[in-house]
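Shown below: target_20.tsv, with TSV, C-alpha atoms.
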chain	number	residue	atom	x	y	z
H	1	MET	CA	93.99	105.89	127.79
H	2	LYS	CA	94.67	102.65	129.68
H	3	ARG	CA	91.11	102.68	131.05
H	4	ILE	CA	89.69	103.16	127.55
H	5	LEU	CA	91.73	100.23	126.23
H	6	ILE	CA	90.49	98.03	129.07
H	7	LYS	CA	86.88	98.96	128.28
H	8	LEU	CA	87.37	98.26	124.58
H	9	LYS	CA	88.83	94.86	125.44
H	10	GLN	CA	85.79	94.13	127.60
H	11	TYR	CA	83.31	95.33	124.96
H	12	TRP	CA	84.93	93.66	121.95
H	13	PRO	CA	83.44	90.15	122.51
H	14	LEU	CA	79.96	91.72	122.62
H	15	ILE	CA	79.95	92.39	118.87
H	16	LYS	CA	80.91	88.84	117.78
H	17	SER	CA	83.48	90.24	115.36
H	18	LEU	CA	83.63	87.27	112.96
H	19	GLN	CA	79.85	87.12	112.55
H	20	THR	CA	79.64	90.89	112.18
H	21	ALA	CA	82.43	90.88	109.59
H	22	LEU	CA	80.76	88.10	107.56
H	23	LEU	CA	77.42	89.91	107.44
H	24	THR	CA	79.19	93.14	106.50
H	25	VAL	CA	80.91	91.33	103.63
H	26	THR	CA	77.49	90.19	102.34
H	27	GLY	CA	76.39	93.84	102.30
H	28	ILE	CA	79.51	94.84	100.37
H	29	ALA	CA	78.89	92.01	97.90
H	30	GLY	CA	75.31	93.21	97.43
H	31	TYR	CA	76.51	96.72	96.67
H	32	MET	CA	79.31	95.56	94.40
H	33	SER	CA	76.86	93.39	92.46
H	34	ALA	CA	75.18	96.62	91.38
H	35	ARG	CA	78.18	98.97	91.33
H	36	CYS	CA	81.17	97.06	90.06
H	37	PRO	CA	83.57	98.68	89.56
H	38	PHE	CA	82.53	101.30	92.10
H	39	THR	CA	83.88	104.83	91.92
H	40	HIS	CA	82.36	106.44	95.01
H	41	TRP	CA	84.67	105.77	97.93
H	42	ILE	CA	82.58	107.95	100.23
H	43	THR	CA	79.52	105.80	99.60
H	44	MET	CA	81.47	102.58	100.05
H	45	THR	CA	83.00	103.87	103.30
H	46	GLY	CA	79.55	104.87	104.51
H	47	LEU	CA	78.16	101.45	103.58
H	48	VAL	CA	80.85	99.57	105.48
H	49	THR	CA	80.69	101.86	108.50
H	50	SER	CA	76.89	101.83	108.74
H	51	LEU	CA	76.75	98.04	108.48
H	52	LEU	CA	79.49	97.53	111.05
H	53	LEU	CA	77.76	99.88	113.48
H	54	SER	CA	74.23	98.57	113.00
H	55	ILE	CA	75.15	94.87	112.99
H	56	SER	CA	77.41	95.33	116.03
H	57	GLY	CA	74.65	97.24	117.84
H	58	SER	CA	72.09	94.56	117.06
H	59	THR	CA	74.46	91.85	118.29
H	60	VAL	CA	75.14	93.69	121.55
H	61	LEU	CA	71.41	94.17	122.16
H	62	ASN	CA	70.81	90.46	121.51
H	63	MET	CA	73.50	89.56	124.02
H	64	TRP	CA	72.01	92.01	126.51
H	65	TYR	CA	68.56	90.43	126.21
H	66	ASP	CA	69.88	86.85	126.28
H	67	ARG	CA	72.16	87.34	129.28
H	68	ASP	CA	69.99	85.08	131.45
H	69	ILE	CA	70.19	82.08	129.11
H	70	ASP	CA	73.86	82.77	128.34
H	71	SER	CA	74.64	82.36	132.03
H	72	VAL	CA	73.36	78.74	132.09
H	73	MET	CA	74.97	77.53	128.86
H	74	ASN	CA	78.51	76.14	129.00
H	75	ARG	CA	79.25	77.63	125.59
H	76	THR	CA	78.23	81.17	126.53
H	77	HIS	CA	78.53	81.57	130.31
H	78	HIS	CA	81.88	83.35	129.89
H	79	ARG	CA	80.42	86.12	127.72
H	80	PRO	CA	81.02	89.63	129.14
H	81	ILE	CA	77.48	90.32	130.41
H	82	ALA	CA	76.71	86.80	131.63
H	83	SER	CA	80.01	86.67	133.51
H	84	GLY	CA	79.59	90.12	135.03
H	85	VAL	CA	82.53	91.74	133.23
H	86	VAL	CA	80.16	94.23	131.55
H	87	LEU	CA	77.10	95.59	133.34
H	88	PRO	CA	73.74	95.09	131.57
H	89	LYS	CA	73.02	98.83	131.52
H	90	GLU	CA	76.40	99.48	129.89
H	91	ALA	CA	75.68	96.89	127.19
H	92	LEU	CA	72.19	98.29	126.60
H	93	SER	CA	73.55	101.81	126.17
H	94	LEU	CA	76.31	100.60	123.85
H	95	GLY	CA	73.90	98.56	121.73
H	96	LEU	CA	71.44	101.43	121.36
H	97	ILE	CA	74.17	103.94	120.48
H	98	LEU	CA	75.78	101.66	117.87
H	99	SER	CA	72.41	100.76	116.32
H	100	ALA	CA	71.21	104.35	116.19
H	101	ALA	CA	74.50	105.53	114.68
H	102	GLY	CA	74.41	102.79	112.05
H	103	VAL	CA	70.80	103.45	111.03
H	104	GLY	CA	71.37	107.21	111.08
H	105	LEU	CA	74.39	106.98	108.77
H	106	ALA	CA	72.58	104.51	106.52
H	107	THR	CA	69.62	106.89	106.21
H	108	LEU	CA	71.95	109.74	105.25
H	109	LEU	CA	73.26	107.58	102.40
H	110	SER	CA	69.76	106.62	101.24
H	111	PRO	CA	66.36	106.55	103.00
H	112	LEU	CA	65.63	103.17	101.37
H	113	TYR	CA	68.96	101.77	102.49
H	114	GLY	CA	68.36	103.11	106.01
H	115	ALA	CA	64.90	101.53	106.13
H	116	LEU	CA	66.30	98.13	105.13
H	117	VAL	CA	69.07	98.34	107.73
H	118	LEU	CA	66.49	99.27	110.37
H	119	GLY	CA	64.31	96.39	109.18
H	120	GLY	CA	67.19	93.99	109.69
H	121	ILE	CA	67.66	95.19	113.27
H	122	PHE	CA	63.91	94.91	113.94
H	123	PHE	CA	63.70	91.34	112.63
H	124	ASP	CA	66.83	90.33	114.56
H	125	ILE	CA	66.07	91.85	117.96
H	126	VAL	CA	62.30	92.11	118.20
H	127	VAL	CA	60.92	89.30	116.02
H	128	TYR	CA	63.69	86.71	116.39
H	129	THR	CA	65.24	87.29	119.82
H	130	ILE	CA	62.46	88.77	121.93
H	131	VAL	CA	59.28	87.26	120.45
H	132	LEU	CA	60.18	83.87	118.95
H	133	LYS	CA	63.56	82.48	120.02
H	134	ARG	CA	62.36	81.09	123.36
H	135	ARG	CA	59.04	79.89	121.97
H	136	THR	CA	59.65	78.03	118.72
H	137	CYS	CA	62.48	76.44	116.75
H	138	TRP	CA	61.05	78.14	113.65
H	139	SER	CA	62.48	81.39	114.94
H	140	ILE	CA	65.55	80.71	112.78
H	141	VAL	CA	63.48	81.58	109.69
H	142	TRP	CA	63.00	85.10	110.98
H	143	GLY	CA	66.60	85.21	112.10
H	144	GLY	CA	67.48	84.22	108.54
H	145	ILE	CA	65.46	87.16	107.20
H	146	ALA	CA	67.50	89.45	109.44
H	147	GLY	CA	70.69	87.82	108.16
H	148	GLY	CA	69.63	88.44	104.56
H	149	MET	CA	68.94	92.15	105.06
H	150	PRO	CA	72.55	93.42	104.75
H	151	ILE	CA	73.01	91.98	101.25
H	152	LEU	CA	69.55	93.20	100.21
H	153	ALA	CA	70.31	96.65	101.61
H	154	GLY	CA	73.70	96.81	99.89
H	155	ARG	CA	72.16	95.86	96.56
H	156	ALA	CA	69.37	98.43	97.04
H	157	LEU	CA	71.92	101.14	97.82
H	158	GLY	CA	73.72	100.39	94.57
H	159	MET	CA	70.58	100.10	92.44
H	160	GLY	CA	68.44	102.77	94.07
H	161	HIS	CA	65.59	100.28	94.51
H	162	VAL	CA	64.87	96.71	95.60
H	163	ASP	CA	65.04	94.29	92.67
H	164	GLY	CA	64.64	90.57	92.02
H	165	ILE	CA	68.37	89.87	92.16
H	166	GLY	CA	68.60	91.51	95.57
H	167	ILE	CA	65.73	89.38	96.85
H	168	LEU	CA	67.38	86.27	95.39
H	169	LEU	CA	70.65	87.11	97.13
H	170	ALA	CA	68.80	87.64	100.41
H	171	LEU	CA	67.09	84.28	99.96
H	172	GLY	CA	70.51	82.69	99.45
H	173	VAL	CA	71.57	83.94	102.88
H	174	LEU	CA	68.20	82.98	104.38
H	175	PHE	CA	68.52	79.38	103.14
H	176	TRP	CA	72.16	79.27	104.22
H	177	ILE	CA	71.18	80.02	107.83
H	178	PRO	CA	69.77	76.52	108.57
H	179	THR	CA	72.97	74.84	107.37
H	180	HIS	CA	74.93	77.07	109.71
H	181	ILE	CA	72.60	77.19	112.72
H	182	LEU	CA	71.11	73.68	112.72
H	183	THR	CA	74.51	71.99	112.64
H	184	PHE	CA	75.42	74.26	115.56
H	185	SER	CA	72.28	73.33	117.52
H	186	MET	CA	73.03	69.63	117.02
H	187	ARG	CA	76.56	70.08	118.32
H	188	TYR	CA	75.45	72.00	121.42
H	189	ARG	CA	72.10	70.35	122.08
H	190	GLU	CA	72.76	70.03	125.83
H	191	ASP	CA	73.38	73.76	126.14
H	192	TYR	CA	70.16	74.65	124.38
H	193	ALA	CA	68.25	72.14	126.50
H	194	ALA	CA	69.69	73.63	129.70
H	195	ALA	CA	68.57	77.09	128.60
H	196	GLY	CA	65.12	75.89	127.53
H	197	ILE	CA	65.59	77.02	123.93
H	198	PRO	CA	63.60	74.91	121.42
H	199	THR	CA	65.66	73.67	118.48
H	200	PHE	CA	64.90	71.55	115.44
H	201	PRO	CA	66.81	68.54	116.83
H	202	SER	CA	64.93	68.70	120.15
H	203	THR	CA	61.56	69.26	118.45
H	204	TYR	CA	61.72	67.01	115.38
H	205	GLY	CA	64.73	64.75	115.93
H	206	ASP	CA	68.13	64.49	114.27
H	207	GLN	CA	67.23	62.85	110.97
H	208	PRO	CA	64.51	65.35	109.98
H	209	THR	CA	66.93	68.11	110.97
H	210	ARG	CA	69.59	66.66	108.66
H	211	LEU	CA	67.03	66.53	105.85
H	212	ILE	CA	66.20	70.19	106.39
H	213	ILE	CA	69.93	71.02	106.29
H	214	ALA	CA	70.30	69.17	102.97
H	215	ILE	CA	67.26	70.90	101.43
H	216	ALA	CA	68.35	74.30	102.71
H	217	SER	CA	71.85	73.77	101.27
H	218	ILE	CA	70.38	73.01	97.85
H	219	LEU	CA	68.15	76.09	97.99
H	220	ALA	CA	71.00	78.32	99.19
H	221	ALA	CA	73.35	77.15	96.43
H	222	GLY	CA	70.59	77.53	93.85
H	223	ALA	CA	69.66	81.06	94.95
H	224	ILE	CA	73.23	82.33	95.09
H	225	GLY	CA	74.17	80.58	91.84
H	226	GLY	CA	71.08	81.92	90.09
H	227	ALA	CA	71.80	85.45	91.29
H	228	ALA	CA	75.41	85.13	90.09
H	229	VAL	CA	74.23	84.19	86.59
H	230	LEU	CA	71.75	87.07	86.48
H	231	ILE	CA	74.39	89.52	87.68
H	232	GLY	CA	76.72	88.37	84.92
H	233	VAL	CA	79.53	86.94	87.02
H	234	LYS	CA	82.39	85.81	84.79
H	235	GLN	CA	82.72	82.18	83.80
H	236	GLY	CA	85.79	81.46	85.91
H	237	ALA	CA	84.14	82.79	89.07
H	238	LEU	CA	81.00	80.80	88.24
H	239	HIS	CA	83.07	77.63	88.03
H	240	LEU	CA	84.60	78.32	91.44
H	241	LEU	CA	81.16	79.06	92.84
H	242	GLY	CA	79.93	75.78	91.40
H	243	ILE	CA	82.77	73.87	93.06
H	244	LEU	CA	81.99	75.52	96.41
H	245	SER	CA	78.29	74.76	96.04
H	246	GLY	CA	79.07	71.16	95.12
H	247	GLY	CA	81.20	70.80	98.25
H	248	LEU	CA	78.41	72.20	100.42
H	249	LEU	CA	75.82	69.88	98.88
H	250	LEU	CA	78.09	66.84	99.16
H	251	MET	CA	78.74	67.43	102.85
H	252	ALA	CA	75.03	68.02	103.52
H	253	LEU	CA	74.10	64.79	101.74
H	254	LEU	CA	76.79	62.83	103.59
H	255	MET	CA	75.40	64.21	106.84
H	256	LEU	CA	72.00	62.89	105.81
H	257	LEU	CA	73.24	59.43	104.78
H	258	LYS	CA	76.18	58.84	107.12
H	259	PRO	CA	75.81	61.21	110.07
H	260	SER	CA	78.63	61.78	112.54
H	261	SER	CA	79.56	64.47	115.02
H	262	ARG	CA	82.84	65.06	113.17
H	263	LEU	CA	81.09	65.60	109.82
H	264	ASN	CA	78.54	67.83	111.54
H	265	PHE	CA	81.36	70.04	112.83
H	266	HIS	CA	83.08	70.17	109.42
H	267	LEU	CA	79.81	71.13	107.71
H	268	PHE	CA	79.29	73.92	110.25
H	269	LYS	CA	82.76	75.31	109.52
H	270	PHE	CA	82.52	74.84	105.75
H	271	ALA	CA	79.18	76.67	105.65
H	272	SER	CA	80.89	79.84	106.87
H	273	VAL	CA	83.75	79.41	104.40
H	274	TYR	CA	81.22	78.83	101.61
H	275	MET	CA	79.31	82.03	102.38
H	276	LEU	CA	82.44	84.17	102.67
H	277	ALA	CA	83.96	82.79	99.47
H	278	SER	CA	80.67	83.14	97.57
H	279	MET	CA	80.35	86.77	98.62
H	280	LEU	CA	83.93	87.52	97.57
H	281	LEU	CA	83.30	85.91	94.16
H	282	LEU	CA	80.13	87.97	93.70
H	283	ALA	CA	81.98	91.14	94.66
H	284	ILE	CA	84.96	90.46	92.41

How does this structure look as structure tokens?
Amino acid sequence: MKRILIKLKQYWPLIKSLQTALLTVTGIAGYMSARCPFTHWITMTGLVTSLLLSISGSTVLNMWYDRDIDSVMNRTHHRPIASGVVLPKEALSLGLILSAAGVGLATLLSPLYGALVLGGIFFDIVVYTIVLKRRTCWSIVWGGIAGGMPILAGRALGMGHVDGIGILLALGVLFWIPTHILTFSMRYREDYAAAGIPTFPSTYGDQPTRLIIAIASILAAGAIGGAAVLIGVKQGALHLLGILSGGLLLMALLMLLKPSSRLNFHLFKFASVYMLASMLLLAI
């Protein structure tokens, strides 16, 4: 038992629990937007479990593939594989098992839902991480597509098909990604440079990057707000969503007009809070 607990402690950082939890919440929100109130606890349990497994598996596989660049970045050199705490072959096996289990369970719930979950893994690992991440800063667009798949899949599971609202919700996550990732790449520019990873700041400069963040924030707020109206979210929740969106837009505009490292960090943190709160409002 002690050995198992030690292994779990070693493996836990591989799944990036906060990121995995946030993406799982988007999937729940997508499902709840179609099935609120829901009455099928078995389906909901299957949804949560399949997303946790598949997203965790995808994250582990990403960390397995990126172990070489993780080892040269100050921010990531302590990660389990890069630091030698977990062997690469162990991480690869874990990632494949988690991903397969997640997709398998998702397919049992619905072939369409399973296909969308598998699509998210494909875009994340193959398109984003393996093919594009080390070649172009525009890889974040494809990473954003992967990030939008859980909410699209959850909505499709509830509806039985892919609809316009589901696509709009996925676009909201896709446009949110630049606000989250680009502020991060500006904060850790030296790390990315050391690893040879192209970013928007290193390719286009800081001011164009801030402009992209501002535009993406507007598009994200518009997509999520529009989806909320179409879903029929109650007026009180819409008001709260509007306040959150206003805060996101204000911080993005301030970053554009009066940039500072402190504001950059606050925008990065608030972007995560905004997405989590928005998803909870959509679900409620």

Determine, for each residue of stretch 61-124 of chain H having at least one atom at most 9 Å from an atom of stretch 129-138 of chain H, the closest pair of atoms and their separation in Å to one decimal, counting all atoms listed in the file; order by chain and ascending number, as a Markdown table.
| residue | atom | partner | partner_atom | distance |
| --- | --- | --- | --- | --- |
| H:Asn62 | CA | H:Thr129 | CA | 6.6 |
| H:Tyr65 | CA | H:Ile130 | CA | 7.6 |
| H:Asp66 | CA | H:Thr129 | CA | 8.0 |
| H:Phe123 | CA | H:Thr129 | CA | 8.4 |
| H:Asp124 | CA | H:Thr129 | CA | 6.3 |

Might you pull out every residue within 10 Å of stretch 162-164 of chain H, with only C-alpha atoms counted and same-chain residues fewer than 5 positions away left off, and present them as number ranges by chain? H: 112-113, 116, 152-157, 169-170, 227, 230

Save out the residues we just selected, C-alpha atoms, as a compact mmCIF listing (two decimals), in the frame of the given file.
# COMPACT_ATOMS: atom_id res chain seq x y z
CA LEU H 112 65.63 103.17 101.37
CA TYR H 113 68.96 101.77 102.49
CA LEU H 116 66.30 98.13 105.13
CA LEU H 152 69.55 93.20 100.21
CA ALA H 153 70.31 96.65 101.61
CA GLY H 154 73.70 96.81 99.89
CA ARG H 155 72.16 95.86 96.56
CA ALA H 156 69.37 98.43 97.04
CA LEU H 157 71.92 101.14 97.82
CA LEU H 169 70.65 87.11 97.13
CA ALA H 170 68.80 87.64 100.41
CA ALA H 227 71.80 85.45 91.29
CA LEU H 230 71.75 87.07 86.48

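Closest approach to H:Leu267 from the set H:Ser202, H:Thr24, H:Gln235, H:Ser217 is made by H:Ser217, with distances taken over only C-alpha atoms.
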
Close residues, H:Leu109 itself excluded, 9 Å, all atoms listed in the file, min 4 positions apart in chain, as a compact mmCIF listing (two decimals) with C-alpha atoms, in the frame of the given file:
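To be explicit, this is the file written out as selection.txt:
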# COMPACT_ATOMS: atom_id res chain seq x y z
CA THR H 43 79.52 105.80 99.60
CA GLY H 46 79.55 104.87 104.51
CA LEU H 47 78.16 101.45 103.58
CA GLY H 104 71.37 107.21 111.08
CA LEU H 105 74.39 106.98 108.77
CA TYR H 113 68.96 101.77 102.49
CA GLY H 114 68.36 103.11 106.01
CA LEU H 157 71.92 101.14 97.82

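The neighbours of stretch 29-35 of chain H here are the residues that come within 6 Å of it, using only C-alpha atoms and leaving out any residue fewer than 6 positions away in the same chain; they are Ile151, Gly154, Arg155, Gly158, Met159, Met279, Leu282 and Ala283 of chain H.
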
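With only C-alpha atoms as the basis for measurement, H:Ser185 is the residue among H:Ser185, H:Ser245, H:Ser54, H:Asn264 that approaches H:Arg75 most closely.
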
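Using all atoms listed in the file, the smallest distance between any of H:Ala214, H:Val85, H:Leu14, H:Ile284 and H:Thr183 comes from H:Ala214.
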
Which residues are close to H:Gln19, i.e. within 12 Å by all atoms listed in the file, leaving aside same-chain residues fewer than 2 positions away? Reply as a short mmCIF file (atom, residue, chain, number, x, y, z; two decimals) with C-alpha atoms, keeping the file's coordinate frame.
data_model
loop_
_atom_site.label_atom_id
_atom_site.label_comp_id
_atom_site.auth_asym_id
_atom_site.auth_seq_id
_atom_site.Cartn_x
_atom_site.Cartn_y
_atom_site.Cartn_z
CA PRO H 13 83.44 90.15 122.51
CA LEU H 14 79.96 91.72 122.62
CA ILE H 15 79.95 92.39 118.87
CA LYS H 16 80.91 88.84 117.78
CA SER H 17 83.48 90.24 115.36
CA ALA H 21 82.43 90.88 109.59
CA LEU H 22 80.76 88.10 107.56
CA LEU H 23 77.42 89.91 107.44
CA THR H 24 79.19 93.14 106.50
CA VAL H 25 80.91 91.33 103.63
CA THR H 26 77.49 90.19 102.34
CA LEU H 52 79.49 97.53 111.05
CA ILE H 55 75.15 94.87 112.99
CA SER H 56 77.41 95.33 116.03
CA SER H 58 72.09 94.56 117.06
CA THR H 59 74.46 91.85 118.29
CA GLY H 147 70.69 87.82 108.16
CA HIS H 180 74.93 77.07 109.71
CA SER H 272 80.89 79.84 106.87
CA VAL H 273 83.75 79.41 104.40
CA MET H 275 79.31 82.03 102.38
CA LEU H 276 82.44 84.17 102.67
#

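Pairwise distance (atom CA of H:Ala223, atom CA of H:Leu174) equals 9.7 Å.
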
What's around stretch 247-253 of chain H at 9 Å? Count only C-alpha atoms, leave out sequence neighbours fewer than 2 positions away in its own chain, and write the answer as a PDB file with C-alpha atoms, keeping the file's coordinate frame.
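around.pdb written:
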ATOM      1  CA  THR H 179      72.970  74.840 107.370  1.00  0.00           C
ATOM      2  CA  ARG H 210      69.590  66.660 108.660  1.00  0.00           C
ATOM      3  CA  LEU H 211      67.030  66.530 105.850  1.00  0.00           C
ATOM      4  CA  ILE H 213      69.930  71.020 106.290  1.00  0.00           C
ATOM      5  CA  ALA H 214      70.300  69.170 102.970  1.00  0.00           C
ATOM      6  CA  ILE H 215      67.260  70.900 101.430  1.00  0.00           C
ATOM      7  CA  SER H 217      71.850  73.770 101.270  1.00  0.00           C
ATOM      8  CA  ILE H 218      70.380  73.010  97.850  1.00  0.00           C
ATOM      9  CA  ALA H 221      73.350  77.150  96.430  1.00  0.00           C
ATOM     10  CA  GLY H 242      79.930  75.780  91.400  1.00  0.00           C
ATOM     11  CA  ILE H 243      82.770  73.870  93.060  1.00  0.00           C
ATOM     12  CA  LEU H 244      81.990  75.520  96.410  1.00  0.00           C
ATOM     13  CA  SER H 245      78.290  74.760  96.040  1.00  0.00           C
ATOM     14  CA  MET H 255      75.400  64.210 106.840  1.00  0.00           C
ATOM     15  CA  LEU H 256      72.000  62.890 105.810  1.00  0.00           C
ATOM     16  CA  LEU H 257      73.240  59.430 104.780  1.00  0.00           C
ATOM     17  CA  LYS H 258      76.180  58.840 107.120  1.00  0.00           C
ATOM     18  CA  LEU H 263      81.090  65.600 109.820  1.00  0.00           C
ATOM     19  CA  ASN H 264      78.540  67.830 111.540  1.00  0.00           C
ATOM     20  CA  HIS H 266      83.080  70.170 109.420  1.00  0.00           C
ATOM     21  CA  LEU H 267      79.810  71.130 107.710  1.00  0.00           C
ATOM     22  CA  PHE H 270      82.520  74.840 105.750  1.00  0.00           C
ATOM     23  CA  ALA H 271      79.180  76.670 105.650  1.00  0.00           C
ATOM     24  CA  TYR H 274      81.220  78.830 101.610  1.00  0.00           C
TER      25      TYR H 274
END

Which residue gives the smallest distance to H:Ile125 among H:Val60, H:Ile177, H:Gly166, H:His239, with all atoms listed in the file counted? H:Val60

So, counting all atoms listed in the file, which residue among H:Phe175, H:Tyr128, H:Trp12, H:Tyr192 is closest to H:Thr76? H:Tyr192

Using all atoms listed in the file, pick whichever of H:Ile181, H:Leu51, H:Gly84, H:Ala193 has the shortest atom-to-atom distance to H:Gly120. H:Leu51

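Between atom CA of H:Leu182 and atom CA of H:His77 the interatomic distance comes to 20.7 Å.
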
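From atom CA of H:Ile140 back to atom CA of H:Trp64, the distance works out to 18.9 Å.
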
Could you write out as AutoDock Vina command-line options the box around stretch 47-61 of chain H (axis-aligned, all atoms listed in the file, 4 Å on each side), with centre and edge lengths in Å to one decimal?
--center_x 76.1 --center_y 96.9 --center_z 112.9 --size_x 17.4 --size_y 18.0 --size_z 26.6
